[in-house]
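S.K.: As input, take upload.txt (compact mmCIF, C-alpha atoms):
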```txt
# COMPACT_ATOMS: atom_id res chain seq x y z
CA MET A 8 111.93 106.41 81.34
CA GLY A 9 112.31 110.18 81.44
CA LEU A 10 115.99 109.67 82.13
CA LEU A 11 116.41 107.35 79.15
CA THR A 12 114.58 109.61 76.70
CA ASN A 13 116.72 112.49 77.85
CA LEU A 14 119.89 110.43 77.52
CA ALA A 15 119.01 109.33 74.02
CA ARG A 16 117.99 112.74 72.81
CA GLY A 17 119.58 115.11 75.24
CA LEU A 18 123.19 113.98 75.43
CA VAL A 19 123.56 115.90 72.25
CA ARG A 20 121.58 118.83 73.64
CA GLY A 21 122.63 119.29 77.27
CA ALA A 22 122.68 118.15 80.88
CA ASP A 23 120.25 115.77 82.54
CA ARG A 24 117.68 118.01 84.18
CA MET A 25 115.81 115.17 85.85
CA ALA A 26 118.75 114.02 88.01
CA GLU A 27 118.45 114.32 91.75
CA PHE A 28 120.29 117.34 93.20
CA THR A 29 122.30 115.56 95.88
CA SER A 30 124.89 116.84 98.31
CA LYS A 31 127.62 115.92 95.82
CA ARG A 32 126.52 118.67 93.44
CA GLY A 33 126.34 122.42 93.80
CA PRO A 34 128.78 124.93 95.37
CA ARG A 35 130.67 124.49 98.64
CA SER A 36 127.96 126.34 100.54
CA HIS A 37 125.36 123.77 99.44
CA ASN A 38 125.14 121.59 102.53
CA LYS A 39 122.46 118.94 102.66
CA GLY A 40 122.33 115.52 104.24
CA ARG A 41 121.53 112.13 102.69
CA GLY A 42 118.74 111.14 105.07
CA ALA A 43 120.52 110.25 108.31
CA ARG A 44 118.26 110.38 111.35
CA LYS A 45 118.90 112.89 114.12
CA VAL A 46 120.37 111.63 117.42
CA GLY A 47 119.55 114.65 119.56
CA TYR A 48 118.44 118.24 119.35
CA VAL A 49 119.95 121.68 118.85
CA THR A 50 119.58 124.07 121.82
CA LEU A 51 118.81 127.78 121.56
CA GLY A 52 122.49 128.57 121.99
CA GLY A 53 123.31 126.50 118.95
CA LYS A 54 124.80 123.58 120.86
CA PHE A 55 123.83 120.06 119.82
CA ILE A 56 122.75 117.79 122.67
CA LYS A 57 123.11 114.09 121.90
CA ILE A 58 120.54 111.80 123.54
CA LYS A 59 122.00 108.37 124.24
CA GLU A 60 118.64 106.67 123.78
CA MET A 61 118.34 108.02 120.25
CA VAL A 62 121.73 106.67 119.20
CA PRO A 63 121.18 103.17 117.74
CA GLU A 64 123.01 100.41 119.56
CA PHE A 65 123.50 96.93 118.14
CA VAL A 66 122.58 94.22 120.61
CA VAL A 67 124.50 91.23 119.30
CA PRO A 68 123.93 87.86 120.94
CA ASN A 69 126.60 85.25 121.50
CA LEU A 70 126.72 83.20 118.31
CA THR A 71 128.84 80.25 119.46
CA GLY A 72 127.18 77.04 118.36
CA PHE A 73 124.86 78.85 115.99
CA LYS A 74 124.15 76.59 113.05
CA LEU A 75 122.61 78.97 110.49
CA LYS A 76 125.00 80.52 107.97
CA PRO A 77 124.68 83.40 105.48
CA TYR A 78 123.73 81.23 102.51
CA VAL A 79 121.46 78.26 102.07
CA SER A 80 122.49 75.12 100.20
CA TYR A 81 121.04 74.62 96.70
CA LYS A 82 119.90 71.15 97.74
CA THR A 83 117.17 72.43 100.08
CA PRO A 84 113.73 71.78 98.65
CA LYS A 85 111.49 74.75 98.04
CA GLY A 86 108.52 75.26 100.28
CA THR A 87 106.73 77.65 102.60
CA GLU A 88 105.47 77.48 106.13
CA PRO A 89 101.94 78.65 106.85
CA PRO A 90 102.09 82.24 108.16
CA LEU A 91 101.76 82.62 111.92
CA THR A 92 98.39 84.13 112.80
CA ALA A 93 97.10 85.27 116.17
CA LYS A 94 94.71 82.30 116.23
CA GLN A 95 97.55 79.85 115.59
CA LEU A 96 99.63 81.42 118.36
CA PHE A 97 96.70 81.16 120.76
CA MET A 98 96.12 77.50 119.88
CA ASP A 99 99.81 76.69 120.34
CA VAL A 100 100.46 78.52 123.59
CA VAL A 101 97.29 79.29 125.53
CA ALA A 102 94.78 76.63 124.47
CA PRO A 103 96.70 73.65 126.00
CA GLN A 104 96.98 75.47 129.35
CA ILE A 105 93.26 76.26 129.38
CA GLU A 106 92.44 72.66 128.43
CA THR A 107 94.49 71.19 131.30
CA ASP A 108 92.95 73.64 133.74
CA ILE A 109 89.41 72.85 132.64
CA LYS A 110 90.08 69.11 132.94
CA GLY A 111 91.66 69.69 136.36
CA GLY A 112 88.73 71.85 137.36
CA THR A 113 90.81 74.91 138.23
CA PHE A 114 89.69 77.13 135.32
CA ASP A 115 88.63 80.55 136.57
CA PRO A 116 87.14 82.83 133.87
CA HIS A 117 87.90 85.89 136.07
CA ASN A 118 91.61 85.12 136.33
CA LEU A 119 92.73 85.01 132.71
CA GLU A 120 95.97 86.90 133.48
CA LYS A 121 97.79 83.63 134.13
CA TYR A 122 97.31 82.62 130.49
CA GLY A 123 98.79 85.91 129.28
CA TYR A 124 95.73 88.15 129.12
CA GLU A 125 96.58 91.84 129.63
CA PRO A 126 93.61 94.05 130.57
CA THR A 127 95.53 97.29 129.80
CA GLN A 128 98.73 98.20 127.99
CA GLU A 129 99.57 100.85 130.64
CA GLY A 130 102.86 100.36 132.42
CA LYS A 131 104.28 98.05 129.76
CA LEU A 132 107.55 98.88 128.05
CA PHE A 133 106.46 97.51 124.67
CA GLN A 134 102.81 98.28 124.22
CA LEU A 135 100.86 96.41 121.56
CA PHE A 136 98.40 99.26 121.00
CA PRO A 137 99.28 101.97 120.37
CA LYS A 138 102.34 100.19 119.07
CA ASN A 139 105.47 101.84 120.47
CA TYR A 140 108.17 99.58 119.07
CA VAL A 141 109.60 99.78 115.60
CA ARG A 142 109.05 96.22 114.38
CA MET B 7 119.01 108.43 91.57
CA ARG B 8 117.32 106.89 94.57
CA LEU B 9 118.43 103.34 95.22
CA THR B 10 114.89 101.96 95.32
CA ALA B 11 114.00 103.61 92.03
CA LEU B 12 117.17 102.28 90.42
CA LEU B 13 116.52 98.76 91.63
CA ALA B 14 112.93 98.92 90.44
CA MET B 15 114.11 100.07 87.05
CA ALA B 16 116.65 97.28 86.88
CA ALA B 17 114.15 94.65 87.93
CA ARG B 18 111.55 95.21 85.27
CA MET B 19 111.98 97.02 82.01
CA LYS B 20 109.07 99.20 80.98
CA LEU B 21 108.50 98.74 77.28
CA PRO B 22 106.14 100.81 75.13
CA PRO B 23 102.99 98.95 74.00
CA ASP B 24 104.07 98.97 70.33
CA TYR B 25 107.57 97.70 71.06
CA ARG B 26 108.81 95.32 68.39
CA HIS B 27 110.57 92.39 70.03
CA GLY B 28 113.55 91.24 68.03
CA ILE B 29 116.10 88.48 68.21
CA TYR B 30 117.87 90.24 71.07
CA ARG B 31 116.33 90.57 74.50
CA PRO B 32 115.08 94.11 75.33
CA TRP B 33 117.70 94.78 78.01
CA THR B 34 120.67 93.99 75.76
CA ALA B 35 122.72 96.69 74.07
CA ALA B 36 121.87 95.43 70.58
CA ALA B 37 118.14 95.65 71.27
CA LYS B 38 118.56 99.13 72.73
CA ALA B 39 120.44 100.19 69.60
CA ASN B 40 117.75 98.77 67.33
CA ASN B 41 114.85 100.08 69.41
CA PRO B 42 115.83 103.44 70.89
CA PRO B 43 113.05 105.08 72.91
CA GLY B 44 110.79 106.98 70.60
CA ARG B 45 111.21 104.72 67.58
CA ARG B 46 107.92 103.53 66.18
CA ARG B 47 107.90 100.76 63.64
CA LYS B 48 105.17 99.17 61.61
CA LYS B 49 103.15 96.82 63.74
CA VAL B 50 103.96 93.13 63.58
CA PHE B 51 100.86 90.97 63.98
CA VAL B 52 101.33 88.05 66.34
CA GLU B 53 98.82 85.26 66.86
CA PRO B 54 97.63 85.71 70.45
CA ILE B 55 98.41 82.62 72.48
CA SER B 56 97.70 82.75 76.21
CA LYS B 57 100.26 81.80 78.83
CA GLU B 58 98.33 78.66 79.75
CA ASP B 59 98.10 77.45 76.14
CA TRP B 60 101.82 77.67 75.46
CA LYS B 61 103.21 74.22 74.70
CA VAL B 62 106.84 74.57 73.61
CA PHE B 63 109.62 75.06 76.16
CA ARG B 64 113.37 75.31 76.08
CA GLY B 65 114.86 71.82 75.91
CA ASP B 66 111.92 70.22 74.04
CA THR B 67 112.56 68.12 70.96
CA VAL B 68 110.72 69.62 68.04
CA GLU B 69 110.39 68.93 64.30
CA ILE B 70 110.40 71.65 61.69
CA LEU B 71 107.55 71.33 59.19
CA ILE B 72 108.06 74.28 56.87
CA GLY B 73 111.24 75.89 55.67
CA LYS B 74 114.71 75.05 54.56
CA ASP B 75 115.23 72.33 57.18
CA ALA B 76 111.76 70.83 56.92
CA GLY B 77 111.56 67.34 58.33
CA LYS B 78 114.51 67.71 60.69
CA GLN B 79 114.29 67.42 64.46
CA GLY B 80 116.18 69.47 66.99
CA MET B 81 116.21 70.81 70.51
CA VAL B 82 114.67 74.16 71.29
CA ASN B 83 117.35 76.63 72.33
CA GLN B 84 115.37 79.77 72.97
CA VAL B 85 111.77 80.87 73.02
CA ILE B 86 110.53 84.42 72.49
CA ARG B 87 106.88 84.40 73.45
CA ALA B 88 106.22 87.98 72.41
CA ARG B 89 106.62 87.02 68.74
CA ASN B 90 105.70 83.31 69.02
CA TRP B 91 109.29 82.51 68.05
CA VAL B 92 111.21 79.34 68.65
CA PHE B 93 114.91 78.83 67.95
CA VAL B 94 115.96 75.27 67.22
CA GLN B 95 119.58 74.42 67.83
CA GLY B 96 121.58 74.20 64.61
CA LEU B 97 118.59 74.26 62.26
CA ASN B 98 117.11 76.91 59.99
CA THR B 99 120.47 78.66 59.92
CA HIS B 100 122.05 81.32 57.80
CA TYR B 101 125.78 81.88 57.60
CA HIS B 102 127.92 84.97 57.79
CA TYR B 103 131.36 86.15 58.77
CA ILE B 104 131.87 87.86 62.13
CA GLY B 105 134.89 89.55 63.63
CA LYS B 106 136.12 90.75 60.26
CA THR B 107 139.17 93.01 60.52
CA ALA B 108 141.50 94.50 57.96
CA ASN B 109 143.75 91.42 57.89
CA TYR B 110 141.43 88.68 59.06
CA PRO B 111 138.50 87.60 56.87
CA GLY B 112 136.44 86.65 59.93
CA THR B 113 134.98 83.46 61.34
CA TYR B 114 132.23 81.77 59.35
CA ILE B 115 129.37 81.38 61.81
CA ALA B 116 125.93 79.79 61.54
CA ASN B 117 123.05 81.72 63.12
CA GLU B 118 119.67 80.15 63.79
CA ALA B 119 116.71 82.04 62.41
CA PRO B 120 113.50 82.08 64.43
CA LEU B 121 110.64 79.78 63.57
CA LEU B 122 107.00 80.52 64.24
CA LEU B 123 104.92 78.10 66.25
CA ARG B 124 103.01 77.12 63.09
CA GLN B 125 106.22 75.89 61.49
CA ILE B 126 107.02 73.70 64.48
CA ALA B 127 105.50 70.53 65.91
CA LEU B 128 106.34 68.71 69.10
CA VAL B 129 107.73 65.23 68.65
CA ASP B 130 105.96 62.20 70.10
CA PRO B 131 108.49 60.07 72.02
CA THR B 132 106.93 56.73 70.97
CA ASP B 133 107.31 56.96 67.19
CA ARG B 134 109.39 60.14 67.01
CA LYS B 135 107.02 61.80 64.56
CA PRO B 136 105.47 65.27 64.83
CA THR B 137 102.08 65.41 66.55
CA GLU B 138 99.44 67.81 67.71
CA VAL B 139 99.60 68.33 71.45
CA GLU B 140 97.00 69.25 74.03
CA TRP B 141 97.15 70.19 77.69
CA ARG B 142 95.35 67.69 79.87
CA TYR B 143 95.25 66.66 83.52
CA THR B 144 96.42 63.31 84.88
CA GLU B 145 94.70 61.22 87.54
CA GLU B 146 96.83 62.91 90.19
CA GLY B 147 95.82 66.35 88.93
CA GLU B 148 99.10 67.21 87.23
CA ARG B 149 98.88 69.28 84.06
CA VAL B 150 100.70 67.52 81.22
CA ARG B 151 101.01 67.71 77.46
CA VAL B 152 99.36 64.79 75.70
CA SER B 153 99.95 63.82 72.08
CA LEU B 154 96.62 63.60 70.28
CA ARG B 155 97.63 60.82 67.89
CA THR B 156 98.95 58.25 70.37
CA GLY B 157 97.79 59.60 73.72
CA ARG B 158 101.31 59.48 75.14
CA ILE B 159 102.33 62.07 77.70
CA ILE B 160 105.14 64.28 76.45
CA PRO B 161 107.39 64.83 79.47
CA ALA B 162 108.42 68.35 80.39
CA PRO B 163 112.06 69.10 79.55
CA VAL B 164 114.50 68.98 82.42
CA HIS B 165 114.85 72.51 83.72
CA GLN B 166 118.49 73.52 83.77
CA ARG B 167 119.51 76.57 85.71
CA ARG B 168 121.06 79.42 83.77
CA ASP B 169 124.06 79.47 86.09
CA GLY B 170 124.78 75.81 85.37
CA ILE B 171 124.37 74.60 88.95
CA ILE B 172 122.86 71.14 89.39
CA PRO B 173 121.35 71.09 92.89
CA GLU B 174 121.84 67.33 93.33
CA GLN B 175 125.56 67.64 92.70
CA TRP B 176 126.08 70.76 94.78
CA LYS B 177 128.81 70.63 97.45
CA ASP B 178 128.14 72.88 100.42
CA GLY B 179 130.74 75.57 101.04
CA PRO B 180 131.81 76.95 104.44
CA LYS B 181 129.16 79.68 104.27
CA ASP B 182 126.31 77.38 103.22
CA THR B 183 123.71 76.24 105.74
CA SER B 184 123.20 72.51 105.39
CA VAL B 185 119.79 71.13 104.43
CA ASP B 186 119.03 69.78 107.92
CA ASP B 187 119.96 73.02 109.65
CA ALA B 188 117.88 75.07 107.22
CA LEU B 189 114.78 72.89 107.58
CA ASP B 190 115.11 72.49 111.35
CA ARG B 191 112.13 74.00 113.17
CA THR B 192 113.53 75.61 116.29
CA TYR B 193 110.77 78.13 116.88
CA GLN B 194 109.15 77.91 120.31
CA PRO B 195 105.87 79.82 120.17
CA SER B 196 105.48 82.18 123.08
CA LEU B 197 103.39 85.21 123.88
CA LYS B 198 106.49 87.34 124.47
CA LEU B 199 107.40 89.94 121.89
CA PHE B 200 110.74 89.54 120.13
CA GLU B 201 112.01 92.67 121.90
CA GLU B 202 110.97 91.34 125.34
CA GLU B 203 112.70 88.02 124.69
CA ILE B 204 115.90 89.76 123.67
CA LEU B 205 115.82 91.92 126.82
CA GLU B 206 115.51 88.82 128.96
CA LEU B 207 118.21 86.86 127.17
CA GLN B 208 120.70 89.72 127.26
CA GLY B 209 119.87 90.50 130.89
CA ILE B 210 118.89 94.10 130.17
CA VAL B 211 116.64 95.59 132.83
CA GLU B 212 114.60 98.60 131.70
CA THR B 213 112.59 100.26 134.46
CA ARG B 214 112.03 103.58 132.68
CA ARG B 215 108.79 104.00 130.84
CA ALA B 216 107.99 106.34 127.96
CA LYS B 217 106.06 109.48 128.84
CA LYS B 218 102.43 109.29 127.88
CA SER B 219 101.67 111.22 124.70
CA TYR B 220 98.40 111.83 122.91
CA TRP B 221 97.49 112.08 119.27
CA TYR B 222 94.20 113.01 117.75
```
What does this structure look like when you write it as structure tokens?
M.R.:
Amino acid sequence: MGLLTNLARGLVRGADRMAEFTSKRGPRSHNKGRGARKVGYVTLGGKFIKIKEMVPEFVVPNLTGFKLKPYVSYKTPKGTEPPLTAKQLFMDVVAPQIETDIKGGTFDPHNLEKYGYEPTQEGKLFQLFPKNYVR
Amino acid sequence: MRLTALLAMAARMKLPPDYRHGIYRPWTAAAKANNPPGRRRKKVFVEPISKEDWKVFRGDTVEILIGKDAGKQGMVNQVIRARNWVFVQGLNTHYHYIGKTANYPGTYIANEAPLLLRQIALVDPTDRKPTEVEWRYTEEGERVRVSLRTGRIIPAPVHQRRDGIIPEQWKDGPKDTSVDDALDRTYQPSLKLFEEEILELQGIVETRRAKKSYWY
């Protein structure tokens, strides 16, 4: 709203002082970025070393036979799915396995790794805690 | 300006608390010309009606009780809740010339004037007379408007989209996902993370591990 009040009253009086000072303004020596992330580091000599792992790479799967398209038809009825919780995931994936094992008599409470239990996050590429993936 | 700030500004207009709502919507140029920021006008007193109590919607048939066109029925064109205004199509009009130029006298146009809720009454479909209406619940639990004189349910007007699309008559284009494909549940729940699944599917093998770091 500061911008609007200035526009209404200040177009007669002068420039917009609230506008962001971007890289498009200022003299030639004014060099600033627009928020791009760094892909390496600058050495003491001034050379920039690019790290391949920091450069984003798009992993695109093969989309032949993929049925979903950019837009959704207007005919689809509105609705929501219940959000996926940890409990729901457990009941869907792990609980049936444990049930069959108990009925078969092979359930071992000391060997829960076969149902997906992870005692530590050490040695894993994507650790759940502390979370080391972006999503 | 930052994109997020611009989008937020565009999404919802911040109006001052003593803003006088007029015939034009606040984001239109005419409203901005009539209500520049900083203008303060005498307060207009509006009967407070809560959102749940509101009974008149666009598309309803309504009879005018007071005014020049008293006794006539029409369809509601527009509703401005901030002032308790209702515009009935073709009724309560005043006439004027628009598009007047040096040579052309202009087109004679009829403009509807707003009507307050007190000057309006919903029409009962059985005898097509104005009635008092109340919000009540049906056996199924649906909230409906009921005419107090006859007890007949006044059906809600058919909601038409502003862009004119009728979903039942829509023909899917090449970029539209069909209804079956959109509603198809193809999710297989698994304990794998999305990233781990993608690694497996793409056949990427990653044996390096991140160096252990500590934070306090």
S.K.: So which residues touch Arg151 (chain B) within 9 Å, counting only C-alpha atoms, skipping near sequence neighbours fewer than 5 positions away, as a PDB file with C-alpha atoms, in the frame of the given file?
M.R.:
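Done, and the output landed in selection.pdb:
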```
ATOM      1  CA  LYS B  61     103.210  74.220  74.700  1.00  0.00           C
ATOM      2  CA  VAL B 139      99.600  68.330  71.450  1.00  0.00           C
ATOM      3  CA  GLU B 140      97.000  69.250  74.030  1.00  0.00           C
ATOM      4  CA  TRP B 141      97.150  70.190  77.690  1.00  0.00           C
ATOM      5  CA  ARG B 142      95.350  67.690  79.870  1.00  0.00           C
ATOM      6  CA  TYR B 143      95.250  66.660  83.520  1.00  0.00           C
ATOM      7  CA  ARG B 158     101.310  59.480  75.140  1.00  0.00           C
ATOM      8  CA  ILE B 159     102.330  62.070  77.700  1.00  0.00           C
ATOM      9  CA  ILE B 160     105.140  64.280  76.450  1.00  0.00           C
ATOM     10  CA  PRO B 161     107.390  64.830  79.470  1.00  0.00           C
ATOM     11  CA  ALA B 162     108.420  68.350  80.390  1.00  0.00           C
TER      12      ALA B 162
END
```
S.K.: Taking only C-alpha atoms into account, which residues of chain B are within 10 Å of chain A, as a VMD selection string?
M.R.: chain B and resid 7 to 8 15 19 to 21 42 to 44 171 to 190 194 to 202 204 to 205 207 to 208 212 to 216 218
S.K.: Record the distance separating CA of Gln128 (chain A) and CA of Pro103 (chain A), expressed in Å with one decimal.
M.R.: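 CA of Pro103 (chain A) lies 24.7 Å from CA of Gln128 (chain A).
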S.K.: Please put the answer as AutoDock Vina command-line options: centre and edge lengths, in Å with one decimal, of a box along x, y and z that encloses all listed atoms of region 47-61 of chain A plus 6 Å on each side.
M.R.:
```
--center_x 121.6 --center_y 117.6 --center_z 121.5 --size_x 18.5 --size_y 33.9 --size_z 17.4
```
S.K.: Which of these residues is nearest to Glu53 (chain B), using all atoms listed in the file: B:Leu123, B:Ala17, B:Ile29, B:Ile86?
M.R.: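 Going through B:Leu123, B:Ala17, B:Ile29, B:Ile86 one by one, the smallest distance to Glu53 (chain B) is for B:Leu123.
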S.K.: Please, what distance in Å, to one decimal, runs between CA of Glu118 (chain B) and CA of Tyr101 (chain B)?
M.R.: 8.9 Å
S.K.: Kindly output region 116-138 of chain B as an mmCIF file, in the frame of the given file, after building N, CA, C and O atoms.
M.R.:
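File written: part00.cif
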```cif
data_model
loop_
_atom_site.group_PDB
_atom_site.id
_atom_site.type_symbol
_atom_site.label_atom_id
_atom_site.label_comp_id
_atom_site.auth_asym_id
_atom_site.auth_seq_id
_atom_site.Cartn_x
_atom_site.Cartn_y
_atom_site.Cartn_z
ATOM 1 N N ALA B 116 127.325 80.084 61.874
ATOM 2 C CA ALA B 116 125.930 79.790 61.540
ATOM 3 C C ALA B 116 125.035 80.397 62.614
ATOM 4 O O ALA B 116 125.277 80.198 63.791
ATOM 5 N N ASN B 117 124.006 81.108 62.195
ATOM 6 C CA ASN B 117 123.050 81.720 63.120
ATOM 7 C C ASN B 117 121.685 81.125 62.888
ATOM 8 O O ASN B 117 121.210 81.079 61.752
ATOM 9 N N GLU B 118 121.026 80.708 63.972
ATOM 10 C CA GLU B 118 119.670 80.150 63.790
ATOM 11 C C GLU B 118 118.691 81.288 63.577
ATOM 12 O O GLU B 118 118.752 82.316 64.247
ATOM 13 N N ALA B 119 117.778 81.065 62.642
ATOM 14 C CA ALA B 119 116.710 82.040 62.410
ATOM 15 C C ALA B 119 115.477 81.577 63.197
ATOM 16 O O ALA B 119 115.273 80.382 63.388
ATOM 17 N N PRO B 120 114.652 82.497 63.623
ATOM 18 C CA PRO B 120 113.500 82.080 64.430
ATOM 19 C C PRO B 120 112.445 81.396 63.572
ATOM 20 O O PRO B 120 112.309 81.662 62.385
ATOM 21 N N LEU B 121 111.728 80.489 64.220
ATOM 22 C CA LEU B 121 110.640 79.780 63.570
ATOM 23 C C LEU B 121 109.358 80.082 64.321
ATOM 24 O O LEU B 121 109.360 80.117 65.551
ATOM 25 N N LEU B 122 108.280 80.271 63.572
ATOM 26 C CA LEU B 122 107.000 80.520 64.240
ATOM 27 C C LEU B 122 106.453 79.203 64.774
ATOM 28 O O LEU B 122 106.846 78.128 64.332
ATOM 29 N N LEU B 123 105.487 79.316 65.663
ATOM 30 C CA LEU B 123 104.920 78.100 66.250
ATOM 31 C C LEU B 123 104.224 77.243 65.195
ATOM 32 O O LEU B 123 104.166 76.029 65.300
ATOM 33 N N ARG B 124 103.706 77.883 64.141
ATOM 34 C CA ARG B 124 103.010 77.120 63.090
ATOM 35 C C ARG B 124 103.965 76.257 62.293
ATOM 36 O O ARG B 124 103.558 75.276 61.698
ATOM 37 N N GLN B 125 105.246 76.638 62.291
ATOM 38 C CA GLN B 125 106.220 75.890 61.490
ATOM 39 C C GLN B 125 106.877 74.788 62.305
ATOM 40 O O GLN B 125 107.812 74.140 61.856
ATOM 41 N N ILE B 126 106.387 74.591 63.508
ATOM 42 C CA ILE B 126 107.020 73.700 64.480
ATOM 43 C C ILE B 126 105.974 72.675 64.913
ATOM 44 O O ILE B 126 104.789 72.989 64.945
ATOM 45 N N ALA B 127 106.425 71.470 65.261
ATOM 46 C CA ALA B 127 105.500 70.530 65.910
ATOM 47 C C ALA B 127 106.295 69.745 66.937
ATOM 48 O O ALA B 127 107.425 69.338 66.680
ATOM 49 N N LEU B 128 105.672 69.514 68.068
ATOM 50 C CA LEU B 128 106.340 68.710 69.100
ATOM 51 C C LEU B 128 106.423 67.267 68.633
ATOM 52 O O LEU B 128 105.560 66.772 67.915
ATOM 53 N N VAL B 129 107.468 66.601 69.101
ATOM 54 C CA VAL B 129 107.730 65.230 68.650
ATOM 55 C C VAL B 129 107.215 64.249 69.687
ATOM 56 O O VAL B 129 107.442 64.416 70.887
ATOM 57 N N ASP B 130 106.493 63.236 69.212
ATOM 58 C CA ASP B 130 105.960 62.200 70.100
ATOM 59 C C ASP B 130 107.085 61.225 70.429
ATOM 60 O O ASP B 130 107.722 60.702 69.524
ATOM 61 N N PRO B 131 107.346 60.935 71.695
ATOM 62 C CA PRO B 131 108.490 60.070 72.020
ATOM 63 C C PRO B 131 108.336 58.635 71.532
ATOM 64 O O PRO B 131 109.320 57.940 71.337
ATOM 65 N N THR B 132 107.093 58.137 71.338
ATOM 66 C CA THR B 132 106.930 56.730 70.970
ATOM 67 C C THR B 132 107.410 56.474 69.546
ATOM 68 O O THR B 132 108.246 55.609 69.313
ATOM 69 N N ASP B 133 106.913 57.254 68.563
ATOM 70 C CA ASP B 133 107.310 56.960 67.190
ATOM 71 C C ASP B 133 108.196 58.061 66.592
ATOM 72 O O ASP B 133 108.561 57.984 65.422
ATOM 73 N N ARG B 134 108.494 59.050 67.409
ATOM 74 C CA ARG B 134 109.390 60.140 67.010
ATOM 75 C C ARG B 134 108.909 60.813 65.726
ATOM 76 O O ARG B 134 109.682 61.050 64.794
ATOM 77 N N LYS B 135 107.590 61.073 65.702
ATOM 78 C CA LYS B 135 107.020 61.800 64.560
ATOM 79 C C LYS B 135 106.323 63.031 65.129
ATOM 80 O O LYS B 135 105.888 63.043 66.285
ATOM 81 N N PRO B 136 106.156 64.074 64.304
ATOM 82 C CA PRO B 136 105.470 65.270 64.830
ATOM 83 C C PRO B 136 104.006 64.994 65.105
ATOM 84 O O PRO B 136 103.354 64.241 64.380
ATOM 85 N N THR B 137 103.499 65.586 66.174
ATOM 86 C CA THR B 137 102.080 65.410 66.550
ATOM 87 C C THR B 137 101.491 66.727 67.016
ATOM 88 O O THR B 137 102.205 67.646 67.397
ATOM 89 N N GLU B 138 100.151 66.717 67.054
ATOM 90 C CA GLU B 138 99.440 67.810 67.710
ATOM 91 C C GLU B 138 99.406 67.487 69.193
ATOM 92 O O GLU B 138 99.295 66.327 69.591
#
```
